[in-house]
$ cat target_7.cif   # mmCIF, C-alpha atoms
data_final
#
loop_
_atom_site.label_atom_id
_atom_site.label_comp_id
_atom_site.auth_asym_id
_atom_site.auth_seq_id
_atom_site.Cartn_x
_atom_site.Cartn_y
_atom_site.Cartn_z
CA MET J 1 41.87 81.10 143.61
CA MET J 2 41.51 81.57 139.91
CA GLY J 3 42.88 85.10 140.14
CA GLN J 4 45.81 84.01 142.23
CA PHE J 5 46.59 81.25 139.76
CA THR J 6 46.34 83.69 136.83
CA GLU J 7 48.55 86.26 138.53
CA GLY J 8 51.14 83.60 139.37
CA SER J 9 51.09 82.29 135.81
CA GLU J 10 51.60 85.77 134.37
CA GLY J 11 54.49 86.35 136.76
CA PHE J 12 56.04 83.05 135.81
CA VAL J 13 55.61 83.78 132.10
CA PHE J 14 57.07 87.28 132.56
CA ARG J 15 60.09 85.99 134.45
CA THR J 16 60.57 83.28 131.82
CA MET J 17 60.48 85.87 129.04
CA ILE J 18 63.04 88.08 130.83
CA ALA J 19 65.32 85.10 131.36
CA ALA J 20 65.05 84.15 127.68
CA ILE J 21 65.87 87.70 126.60
CA ASN J 22 68.90 87.83 128.89
CA LEU J 23 70.06 84.44 127.66
CA ARG J 24 69.73 85.60 124.09
CA ARG J 25 71.73 88.71 124.88
CA LEU J 26 74.47 86.63 126.47
CA LEU J 27 74.57 84.34 123.46
CA LEU J 28 74.80 87.30 121.08
CA ILE J 29 77.56 88.86 123.16
CA GLY J 30 79.41 85.53 123.22
CA VAL J 31 79.13 85.16 119.45
CA PHE J 32 80.31 88.74 119.00
CA VAL J 33 83.29 88.26 121.32
CA ILE J 34 84.25 85.00 119.62
CA GLY J 35 83.95 86.67 116.23
CA ILE J 36 86.15 89.56 117.31
CA ALA J 37 88.67 87.16 118.79
CA ASN J 38 88.74 85.10 115.61
CA PHE J 39 89.07 88.22 113.48
CA GLY J 40 91.88 89.52 115.65
CA SER J 41 93.58 86.16 115.54
CA ALA J 42 93.25 86.03 111.78
CA GLN J 43 94.69 89.52 111.51
CA GLU J 44 97.59 88.81 113.88
CA THR J 45 98.43 85.33 112.57
CA PRO J 46 97.74 85.17 108.84
CA PHE J 47 99.93 82.08 108.54
CA PRO J 48 98.08 78.82 109.34
CA VAL J 49 99.76 76.11 111.38
CA PRO J 50 98.77 72.79 109.79
CA ALA J 51 98.15 70.04 112.33
CA GLU J 52 100.78 67.83 110.71
CA LEU J 53 103.43 70.54 111.20
CA THR J 54 102.92 71.29 114.90
CA GLY J 55 105.60 68.78 115.88
CA ALA J 56 108.01 70.31 113.36
CA VAL J 57 107.34 73.84 114.65
CA GLU J 58 108.04 72.76 118.23
CA PHE J 59 111.22 71.00 117.09
CA TRP J 60 112.59 74.14 115.45
CA LYS J 61 111.66 76.26 118.44
CA GLN J 62 113.91 74.01 120.52
CA ILE J 63 116.72 74.21 117.95
CA PHE J 64 116.49 78.01 117.95
CA THR J 65 116.10 78.60 121.69
CA ARG J 66 117.29 75.60 123.69
CA PHE J 67 120.22 73.90 121.97
CA GLY J 68 123.52 75.65 121.32
CA SER J 69 125.97 75.18 118.48
CA LYS J 70 128.03 72.62 120.43
CA GLU J 71 124.99 70.37 120.91
CA VAL J 72 123.92 67.86 118.28
CA VAL J 73 120.32 66.62 118.22
CA PHE J 74 119.55 63.11 116.89
CA PHE J 75 115.95 62.89 115.64
CA ASP J 76 113.54 61.20 113.25
CA PRO J 77 113.17 63.45 110.13
CA PHE J 78 109.75 61.91 109.41
CA ASP J 79 108.54 62.66 112.94
CA LEU J 80 110.37 65.68 114.33
CA GLY J 81 108.68 65.20 117.68
CA LYS J 82 110.84 62.10 118.21
CA ILE J 83 114.26 63.10 119.54
CA TYR J 84 116.53 60.13 120.26
CA SER J 85 119.28 61.97 122.10
CA VAL J 86 121.36 65.13 122.38
CA VAL J 87 125.14 65.06 122.70
CA ARG J 88 127.82 67.74 123.02
CA ALA J 89 130.28 67.55 120.15
CA PRO J 90 132.70 70.23 118.89
CA GLU J 91 133.01 70.89 115.15
CA ASN J 92 136.26 69.02 114.65
CA ASP J 93 137.55 65.47 114.21
CA GLU J 94 136.89 64.63 117.84
CA GLY J 95 133.32 65.88 117.53
CA ARG J 96 132.73 63.87 114.37
CA SER J 97 133.90 60.73 116.20
CA ILE J 98 131.48 61.45 119.04
CA ILE J 99 128.62 61.89 116.58
CA GLU J 100 129.43 58.64 114.75
CA ARG J 101 129.56 56.62 117.96
CA GLU J 102 126.23 58.01 119.07
CA ARG J 103 124.68 57.33 115.69
CA LEU J 104 125.70 53.67 115.82
CA ARG J 105 124.42 53.36 119.37
CA ILE J 106 120.99 54.75 118.44
CA ILE J 107 120.70 52.46 115.41
CA ALA J 108 121.41 49.46 117.63
CA ASP J 109 119.24 50.51 120.58
CA TYR J 110 116.21 51.45 118.45
CA ASP J 111 116.75 48.66 115.90
CA LEU J 112 116.77 51.14 113.01
CA ASN J 113 117.50 50.38 109.37
CA GLU J 114 119.94 52.96 108.02
CA GLU J 115 118.37 52.76 104.56
CA ASP J 116 115.01 53.90 105.94
CA GLY J 117 116.43 57.34 106.70
CA ARG J 118 114.81 57.56 110.13
CA LEU J 119 117.86 59.10 111.80
CA LYS J 120 119.19 62.60 111.20
CA THR J 121 121.30 65.12 113.12
CA GLN J 122 120.90 68.85 113.60
CA ARG J 123 123.19 71.22 115.46
CA GLY J 124 121.61 73.71 117.79
CA ALA J 125 121.34 77.30 116.58
CA LYS J 126 120.58 79.19 119.79
CA GLU J 127 123.54 81.58 119.54
CA MET J 128 122.97 82.36 115.88
CA PHE J 129 119.24 82.89 116.35
CA LEU J 130 119.84 85.15 119.35
CA SER J 131 122.33 87.18 117.32
CA GLY J 132 119.74 87.52 114.56
CA LEU J 133 117.15 88.78 117.04
CA ARG J 134 119.60 91.39 118.33
CA ILE J 135 120.46 92.62 114.84
CA SER J 136 116.80 92.61 113.77
CA GLY J 137 116.10 95.51 116.11
CA ARG J 138 118.00 97.74 113.70
CA TYR J 139 115.82 96.87 110.71
CA VAL J 140 112.41 95.45 111.69
CA ALA J 141 110.43 98.71 111.92
CA PRO J 142 111.29 100.08 108.44
CA MET J 143 110.98 96.58 106.97
CA GLN J 144 107.46 96.21 108.37
CA THR J 145 106.59 99.55 106.76
CA ILE J 146 107.73 98.17 103.40
CA PHE J 147 105.60 95.03 103.74
CA ARG J 148 102.53 96.99 104.84
CA ALA J 149 102.94 99.29 101.85
CA GLU J 150 102.81 96.20 99.62
CA GLY J 151 99.66 94.97 101.41
CA LEU J 152 101.55 92.02 102.91
CA PRO J 153 101.59 90.62 106.47
CA PRO J 154 104.29 92.47 108.46
CA ASP J 155 105.34 89.23 110.18
CA LEU J 156 107.16 88.32 106.96
CA VAL J 157 110.01 90.50 108.23
CA TYR J 158 111.08 87.58 110.45
CA LEU J 159 111.92 85.33 107.49
CA PRO J 160 115.60 86.48 107.53
CA LEU J 161 115.92 84.85 110.96
CA VAL J 162 115.70 81.56 109.08
CA GLU J 163 117.62 82.67 105.98
CA SER J 164 120.61 84.57 107.38
CA SER J 165 120.05 85.67 111.00
CA PHE J 166 119.81 89.20 109.58
CA ASN J 167 123.43 89.14 108.42
CA VAL J 168 123.66 91.53 105.46
CA HIS J 169 127.02 90.03 104.47
CA ALA J 170 125.82 86.40 104.56
CA ARG J 171 126.82 84.25 101.59
CA SER J 172 125.72 80.65 101.17
CA SER J 173 127.69 77.80 99.64
CA VAL J 174 125.54 78.06 96.50
CA GLY J 175 126.04 81.80 96.06
CA ALA J 176 122.96 83.27 97.75
CA VAL J 177 123.85 86.69 99.19
CA GLY J 178 122.57 89.06 101.83
CA MET J 179 119.92 89.15 104.50
CA TRP J 180 117.28 87.74 102.15
CA GLN J 181 119.67 85.29 100.43
CA PHE J 182 118.95 86.22 96.82
CA MET J 183 120.60 84.13 94.12
CA LEU J 184 122.25 86.14 91.34
CA ASP J 185 119.65 85.52 88.61
CA THR J 186 116.68 86.22 90.88
CA GLY J 187 118.37 89.25 92.41
CA LYS J 188 118.99 90.85 89.02
CA LYS J 189 115.23 90.90 88.38
CA PHE J 190 114.74 93.34 91.25
CA LEU J 191 118.09 94.84 92.26
CA ARG J 192 121.23 96.53 90.99
CA ILE J 193 124.09 94.05 90.94
CA ASP J 194 127.43 94.93 89.35
CA ASP J 195 131.12 95.22 90.22
CA VAL J 196 130.59 98.26 92.44
CA VAL J 197 127.07 97.80 93.86
CA ASP J 198 125.31 94.63 95.03
CA GLU J 199 121.95 95.61 96.47
CA ARG J 200 121.41 92.09 97.78
CA ARG J 201 123.48 93.37 100.72
CA ASP J 202 121.36 96.50 101.13
CA PRO J 203 118.89 95.74 103.97
CA LEU J 204 116.02 97.89 102.74
CA ALA J 205 116.51 97.53 98.98
CA SER J 206 116.63 93.74 99.36
CA THR J 207 113.55 93.87 101.61
CA ARG J 208 111.62 95.68 98.88
CA ALA J 209 112.73 93.00 96.44
CA ALA J 210 111.75 90.21 98.84
CA ALA J 211 108.32 91.79 99.35
CA ARG J 212 107.74 91.88 95.60
CA LEU J 213 108.90 88.28 95.21
CA LEU J 214 106.76 86.99 98.08
CA LYS J 215 103.76 88.91 96.78
CA GLU J 216 104.28 87.32 93.38
CA ASN J 217 104.61 83.86 94.96
CA ARG J 218 101.39 84.34 96.91
CA LYS J 219 99.52 85.42 93.80
CA LEU J 220 100.79 82.47 91.77
CA LEU J 221 100.40 79.73 94.37
CA GLY J 222 97.29 80.86 96.23
CA ASN J 223 98.36 80.42 99.87
CA TRP J 224 101.13 81.47 102.23
CA PRO J 225 102.50 78.02 103.16
CA LEU J 226 103.32 77.36 99.51
CA ALA J 227 104.41 80.95 98.80
CA ILE J 228 106.92 80.91 101.67
CA THR J 229 108.16 77.42 100.79
CA ALA J 230 108.65 78.62 97.21
CA TYR J 231 110.94 81.35 98.52
CA ASN J 232 113.34 78.54 99.41
CA HIS J 233 112.50 75.96 96.76
CA GLY J 234 111.41 78.13 93.82
CA THR J 235 107.97 78.48 92.26
CA GLU J 236 108.74 76.07 89.41
CA GLY J 237 109.66 73.34 91.86
CA ILE J 238 106.48 73.92 93.86
CA PHE J 239 104.37 73.76 90.69
CA ARG J 240 105.99 70.43 89.86
CA GLY J 241 105.05 69.19 93.31
CA ILE J 242 101.47 70.41 92.92
CA ASN J 243 101.15 68.66 89.56
CA SER J 244 102.71 65.50 90.97
CA VAL J 245 100.43 65.07 94.00
CA GLY J 246 97.38 66.92 92.65
CA SER J 247 97.08 69.18 95.68
CA GLN J 248 97.87 72.76 96.71
CA ASN J 249 98.26 71.85 100.39
CA LEU J 250 101.80 71.98 101.72
CA GLU J 251 101.12 68.98 104.01
CA ASP J 252 100.29 66.86 100.95
CA LEU J 253 103.49 67.88 99.21
CA ILE J 254 105.57 67.10 102.32
CA ARG J 255 103.88 63.73 102.71
CA SER J 256 103.68 62.58 99.08
CA TYR J 257 105.93 64.57 96.74
CA GLN J 258 109.06 62.58 95.93
CA SER J 259 111.90 64.61 94.44
CA PRO J 260 115.62 64.79 95.26
CA ALA J 261 115.38 68.58 95.13
CA PHE J 262 112.44 68.72 97.55
CA GLY J 263 114.40 67.55 100.56
CA PHE J 264 114.49 68.13 104.29
CA ALA J 265 115.33 71.87 104.04
CA SER J 266 112.48 72.69 101.66
CA LYS J 267 109.98 70.55 103.55
CA ASN J 268 110.81 72.30 106.83
CA PHE J 269 111.21 75.87 105.62
CA TYR J 270 107.65 76.91 106.46
CA ALA J 271 107.78 75.23 109.89
CA GLU J 272 111.06 77.04 110.62
CA PHE J 273 109.43 80.33 109.65
CA LEU J 274 106.46 79.71 111.95
CA ALA J 275 108.83 78.90 114.81
CA ALA J 276 110.86 82.07 114.12
CA VAL J 277 107.74 84.25 114.15
CA GLU J 278 106.55 82.73 117.44
CA ILE J 279 109.92 83.33 119.10
CA ALA J 280 110.44 86.82 117.70
CA LYS J 281 107.00 88.02 118.81
CA ASN J 282 107.53 86.56 122.28
CA SER J 283 111.25 87.14 122.60
CA GLU J 284 111.00 88.20 126.27
CA THR J 285 109.74 84.70 127.08
CA TYR J 286 112.47 82.82 125.23
CA PHE J 287 115.31 85.30 125.74
CA PRO J 288 114.45 87.45 128.78
CA PHE J 289 117.81 89.25 128.73
CA LEU J 290 117.75 90.11 125.03
CA ARG J 291 118.97 93.61 124.16
CA SER J 292 118.18 94.41 120.54
CA LEU J 293 120.21 96.90 118.55
CA ARG J 294 118.63 100.31 118.21
CA PRO J 295 117.30 101.39 114.81
CA ILE J 296 119.61 103.58 112.73
CA SER J 297 118.14 106.57 110.94
CA LEU J 298 119.82 107.04 107.57
CA HIS J 299 119.10 109.56 104.84
CA GLU J 300 119.69 108.84 101.17
CA VAL J 301 121.94 111.15 99.17
CA PRO J 302 121.96 110.57 95.39
CA ILE J 303 125.32 110.44 93.62
CA LYS J 304 124.91 112.38 90.38
CA ARG J 305 128.58 112.55 89.40
CA GLN J 306 131.43 110.17 90.06
CA VAL J 307 133.62 111.32 92.94
CA GLN J 308 136.48 109.80 94.91
CA VAL J 309 135.38 108.11 98.14
CA GLN J 310 138.08 109.64 100.34
CA SER J 311 137.73 113.05 98.70
CA VAL J 312 134.17 113.33 99.99
CA LEU J 313 134.50 111.42 103.28
CA LYS J 314 137.52 113.29 104.64
CA PRO J 315 136.09 116.84 104.52
CA ALA J 316 132.77 115.48 105.84
CA ALA J 317 134.61 113.91 108.83
CA ILE J 318 133.21 110.44 108.10
CA ALA J 319 135.27 107.34 108.85
CA GLN J 320 135.49 104.94 105.92
CA SER J 321 134.55 101.96 108.13
CA ASP J 322 131.38 103.74 109.29
CA PHE J 323 130.47 104.73 105.74
CA PHE J 324 130.68 101.18 104.40
CA ASP J 325 128.79 99.92 107.45
CA TRP J 326 125.96 102.28 106.51
CA ASN J 327 126.28 101.22 102.85
CA PRO J 328 126.92 97.44 102.79
CA ALA J 329 125.80 97.24 99.14
CA LEU J 330 128.93 99.12 98.04
CA ASN J 331 132.10 97.22 97.23
CA PRO J 332 134.43 98.18 100.11
CA THR J 333 137.44 98.13 97.75
CA SER J 334 135.88 100.71 95.43
CA LYS J 335 137.71 104.03 95.20
CA VAL J 336 134.82 105.98 93.69
CA LEU J 337 131.14 106.46 94.47
CA PRO J 338 129.01 105.14 91.61
CA VAL J 339 126.77 107.46 89.63
CA GLY J 340 123.05 106.78 90.03
CA TYR J 341 123.33 105.17 93.46
CA SER J 342 121.96 106.80 96.62
CA VAL J 343 124.31 106.43 99.57
CA LYS J 344 123.03 106.29 103.13
CA VAL J 345 124.26 108.85 105.66
CA PRO J 346 123.07 109.69 109.22
CA PRO J 347 121.06 112.93 109.54
CA ASP J 348 123.86 114.75 111.37
CA LYS J 349 126.28 114.03 108.52
CA VAL J 350 124.06 114.83 105.57
CA ASP J 351 124.89 118.54 105.29
CA ASP J 352 128.64 117.97 105.53
CA PHE J 353 128.51 115.12 103.00
CA VAL J 354 126.41 117.11 100.51
CA ALA J 355 128.67 120.18 100.91
CA ALA J 356 131.80 118.10 100.29
CA GLN J 357 130.22 116.49 97.25
CA ARG J 358 129.18 119.87 95.82
CA ARG J 359 132.68 121.28 96.23
CA LEU J 360 134.15 118.32 94.37
CA VAL J 361 131.61 118.51 91.58
CA ALA J 362 131.88 122.28 91.21
CA GLY J 363 135.68 122.45 91.59
CA PRO J 364 136.80 122.25 87.92
CA THR J 365 134.03 124.62 86.82
CA VAL J 366 135.07 127.22 89.37
CA GLN J 367 138.66 127.10 88.15
CA LYS J 368 137.61 127.57 84.53
CA MET J 369 135.40 130.53 85.41
CA SER J 370 138.19 132.13 87.41
CA LEU J 371 140.65 131.70 84.57
CA ALA J 372 138.23 133.16 82.05
CA LYS J 373 137.68 136.18 84.28
CA ARG J 374 141.40 136.83 84.59
CA SER J 375 141.86 136.41 80.84
CA ALA J 376 139.27 139.06 80.10
CA THR J 377 141.05 141.64 82.29
CA PRO J 378 143.33 143.99 80.23
CA GLY J 379 146.96 144.58 81.15
CA ARG J 380 147.51 141.07 82.51
CA GLY J 381 149.69 139.55 79.74
CA GLN J 382 146.72 138.45 77.61
CA ASN J 383 147.46 137.90 73.94
CA GLU J 384 144.27 139.28 72.51
CA SER J 385 144.80 137.82 69.07
CA ASN J 386 144.62 134.17 70.11
CA GLY J 387 143.29 134.23 73.67
CA LYS J 388 146.41 132.62 75.13
CA THR J 389 148.13 133.95 78.20
CA ALA J 390 151.58 135.43 77.49
CA VAL J 391 154.52 134.84 79.82
CA LYS J 392 155.89 138.07 81.28
CA ARG J 393 159.53 138.10 82.23
CA LYS J 394 161.11 140.69 84.41
CA SER J 395 164.28 142.40 83.10
CA SER J 396 166.28 145.06 84.87
CA ASN J 397 168.66 145.85 82.03
CA ARG J 398 166.45 145.44 79.01
CA ALA J 399 163.74 147.55 77.62
CA SER J 400 160.39 146.06 77.16
CA SER J 401 159.50 144.86 73.70
CA GLY J 402 156.77 147.46 73.57
CA SER J 403 159.30 150.36 73.89
CA LEU J 404 161.82 149.18 71.31
CA PRO J 405 162.22 151.30 68.14
CA LYS J 406 161.21 150.01 64.76
CA PRO J 407 163.89 148.22 62.70
CA LYS J 408 166.26 150.60 60.77
CA ARG J 409 166.98 150.15 57.07
CA LEU J 410 170.61 150.51 56.07
CA ARG J 411 171.84 152.20 52.91
CA ASP J 412 172.48 148.93 51.13
CA GLY J 413 168.87 147.84 51.79
CA ARG J 414 169.51 145.58 54.73
CA THR J 415 167.42 145.89 57.86
CA VAL J 416 168.74 145.99 61.40
CA ALA J 417 166.34 144.58 63.95
CA ALA J 418 165.96 146.02 67.41
CA GLU J 419 168.46 144.74 69.99
CA SER J 420 170.58 143.06 67.26
CA ARG J 421 174.33 143.49 67.37
CA VAL J 422 176.09 145.08 64.39
CA ARG J 423 179.81 145.47 63.75
CA VAL J 424 180.85 148.99 62.91
CA PRO J 425 184.17 149.44 61.10
CA ASN J 426 186.77 151.78 62.61
CA GLY J 427 187.43 155.14 61.11
#
$ encode --input "target_7.cif" --output "C-alpha cells"
Amino acid sequence: MMGQFTEGSEGFVFRTMIAAINLRRLLLIGVFVIGIANFGSAQETPFPVPAELTGAVEFWKQIFTRFGSKEVVFFDPFDLGKIYSVVRAPENDEGRSIIERERLRIIADYDLNEEDGRLKTQRGAKEMFLSGLRISGRYVAPMQTIFRAEGLPPDLVYLPLVESSFNVHARSSVGAVGMWQFMLDTGKKFLRIDDVVDERRDPLASTRAAARLLKENRKLLGNWPLAITAYNHGTEGIFRGINSVGSQNLEDLIRSYQSPAFGFASKNFYAEFLAAVEIAKNSETYFPFLRSLRPISLHEVPIKRQVQVQSVLKPAAIAQSDFFDWNPALNPTSKVLPVGYSVKVPPDKVDDFVAAQRRLVAGPTVQKMSLAKRSATPGRGQNESNGKTAVKRKSSNRASSGSLPKPKRLRDGRTVAAESRVRVPNG
C-alpha cells in the first residue's frame, strides 16, 4: 500500500512538473509573440493616435472617402464625432442659400447658441483625395527612399495628400506652392527659387526639403504629433503653445491653447494626416477600383552652359509639353535652360538630349577652329601681314595685281602707276 501510494505520488508530481514546464513555455511564447507584434506595430505605425483624436481621425476618413465635393457636412468642431446633417449643395449662390437654410434649421432644432461655435461646415473631398492617391503612384516609391535615407518614417510621404493631393502646381491663397506647400521664405532655406526655377514644384527636390524640415521639427519638438502639426502651424507657434499650456502633448494644446492663429486647420492637421495614412495604406478597401499612375523613371542631365530650349528639344525629338511636364520646376515661359540646374529626361531620351546639347555648346568653337585652319592654308587669299582674309575678285579682262609691272618714272620725275591712264600727245 505504501509503495503504491509512493508510486502514485511520484507520478502525480511528475505530471504536475511537466504541466508547469509546458505552461511556462506557453507563457514565454505568448510574451515573445506579443513583444514581436508590439515591435512590428511600433515599426509600422510610428505615429501615435491619441485617444482624444480618434473621433477626429474617423471624421476625416469620412470626408476623404465617403463625401463628395457637392456634399456639405454640418458638424460640431469641438466633437467631430457629432455630425448634425449632410446636404447636397453646389458651389454657387443656390448652394449657399441651401447651406444657410440648413444652418438655421440645425441651430433651432438643436437649440444651439451661434456664439458658442458648435456648428461648422466642411465640404467632402472624396474626388480630390482619390485624385491624389492616383497621382501618388508616380512619386511614392522614390519619396520613401528619400525619407528612409534621412532616417525618417516612410509613411511621411502621405502628408501631401493633406497638403495638395500631390499636385505639383498647387498654389494656396497665401502663396504656398507645390506638392509640399512651401512658403517662399521657408522654401528659400532649402531650395532654388528664382525667376526661371522654383524647386517647390519639383516633386523630389521638394521632398528632400520636406524631409529635412520635418527632421528638424522632430528634433526641436520631441515628438511626431507636434512635429507634423508644426509643418502646418510653424515651430514658433507650437513653442508658444507649449509655453502657454505647459505641456508637449498635442491633445493639451488642442484642448487648452487659445490663439487666433491656432485654429481649426492647425488643430486638425495631425488627425488629417493619420486619416490619410490609414486610407493610403489600405486603399483597396476604401477605393477598390483605384488605378494609380505608374512611376516615371527620369535621369538628371546637368546644364553647364545656357542653351535655347527649342534648340535642344527639337533635334532630340522631345515635345515641349512633355519636357515641362518632366520638369515642373522650370518656368514654362522660359526660352533658355538655366545654368547649374539638372533637367529630368526619360532614359530613352537622354542620349539624344545630351548629343543635342553638346552640338549647341561646341558649335561656335568648331566654327572658329575651322576658320583658323583655313586661314593657315597658303594660297587661299590670306593676308599674311595682318591675318585678315582678303577678298578675291574674278576678272576676265584684267591682269592680277601680282602680275602688274612696277610703276614707271617719267623724264620729268613723275611716276606712272600700273593700270593708270595717261594722255599721250600726237606727233
$ residues_around --input "target_7.cif" --residues "Gly132 of chain J" --least-positions-apart "4" --cutoff "9 Å" --atoms "all atoms listed in the file" --output "ChimeraX atom specification"
/J:127-128,136-137,160-161,164-167
$ write_last_selection --input "target_7.cif" --atoms "C-alpha atoms" --output "PDB file, in the coordinates of the input"
ATOM      1  CA  GLU J 127     123.540  81.580 119.540  1.00  0.00           C
ATOM      2  CA  MET J 128     122.970  82.360 115.880  1.00  0.00           C
ATOM      3  CA  SER J 136     116.800  92.610 113.770  1.00  0.00           C
ATOM      4  CA  GLY J 137     116.100  95.510 116.110  1.00  0.00           C
ATOM      5  CA  PRO J 160     115.600  86.480 107.530  1.00  0.00           C
ATOM      6  CA  LEU J 161     115.920  84.850 110.960  1.00  0.00           C
ATOM      7  CA  SER J 164     120.610  84.570 107.380  1.00  0.00           C
ATOM      8  CA  SER J 165     120.050  85.670 111.000  1.00  0.00           C
ATOM      9  CA  PHE J 166     119.810  89.200 109.580  1.00  0.00           C
ATOM     10  CA  ASN J 167     123.430  89.140 108.420  1.00  0.00           C
TER      11      ASN J 167
END
$ resolve_selection --input "target_7.cif" --expression "the PyMOL selection byres ((chain J and resi 169) around 12)" --output "number ranges by chain"
J: 164-168, 170-172, 175-182, 198-203, 324-325, 327-332
$ residues_near_point --input "target_7.cif" --point "(116.0, 93.7, 90.9)" --cutoff "9 Å" --atoms "all atoms listed in the file" --output "list in words"
Thr186, Gly187, Lys188, Lys189, Phe190, Leu191, Arg192, Ile193, Glu199, Arg200, Ala205, Ser206 and Ala209 of chain J
$ resolve_selection --input "target_7.cif" --expression "the PyMOL selection byres ((chain J and resi 267) around 12)" --output "ChimeraX atom specification"
/J:52-53,56-57,77-78,80,225-226,228-233,238,241,250-266,268-273
$ closest_residue --input "target_7.cif" --among "J:Asn92, J:Ser292, J:Ser283, J:Asn243" --to "Ile135 of chain J" --atoms "all atoms listed in the file"
J:Ser292
$ atom_distance --input "target_7.cif" --atom1 "atom CA of Leu119 of chain J" --atom2 "atom CA of Ile107 of chain J"
8.1 Å
$ atom_distance --input "target_7.cif" --atom1 "atom CA of Lys281 of chain J" --atom2 "atom CA of Thr207 of chain J"
19.3 Å
$ resolve_selection --input "target_7.cif" --expression "the PyMOL selection byres ((chain J and resi 354) around 12)" --output "PyMOL selection string"
chain J and resi 299-304+307+312-313+315-316+342-353+355-362
$ atom_distance --input "target_7.cif" --atom1 "atom CA of Asn249 of chain J" --atom2 "atom CA of Trp224 of chain J"
10.2 Å
$ residues_around --input "target_7.cif" --residues "Pro90 of chain J" --least-positions-apart "6" --cutoff "9 Å" --atoms "all atoms listed in the file" --output "NGL selection string"
:J and (69-71 or 96 or 98)
$ closest_residue --input "target_7.cif" --among "J:Val174, J:Leu159, J:Val309, J:Val73" --to "Pro338 of chain J" --atoms "all atoms listed in the file"
J:Val309
$ closest_residue --input "target_7.cif" --among "J:Val196, J:Ala141, J:Leu130, J:Leu204" --to "Pro288 of chain J" --atoms "all atoms listed in the file"
J:Leu130
$ closest_residue --input "target_7.cif" --among "J:Val339, J:Phe67, J:Arg138, J:Met143" --to "Pro295 of chain J" --atoms "all atoms listed in the file"
J:Arg138
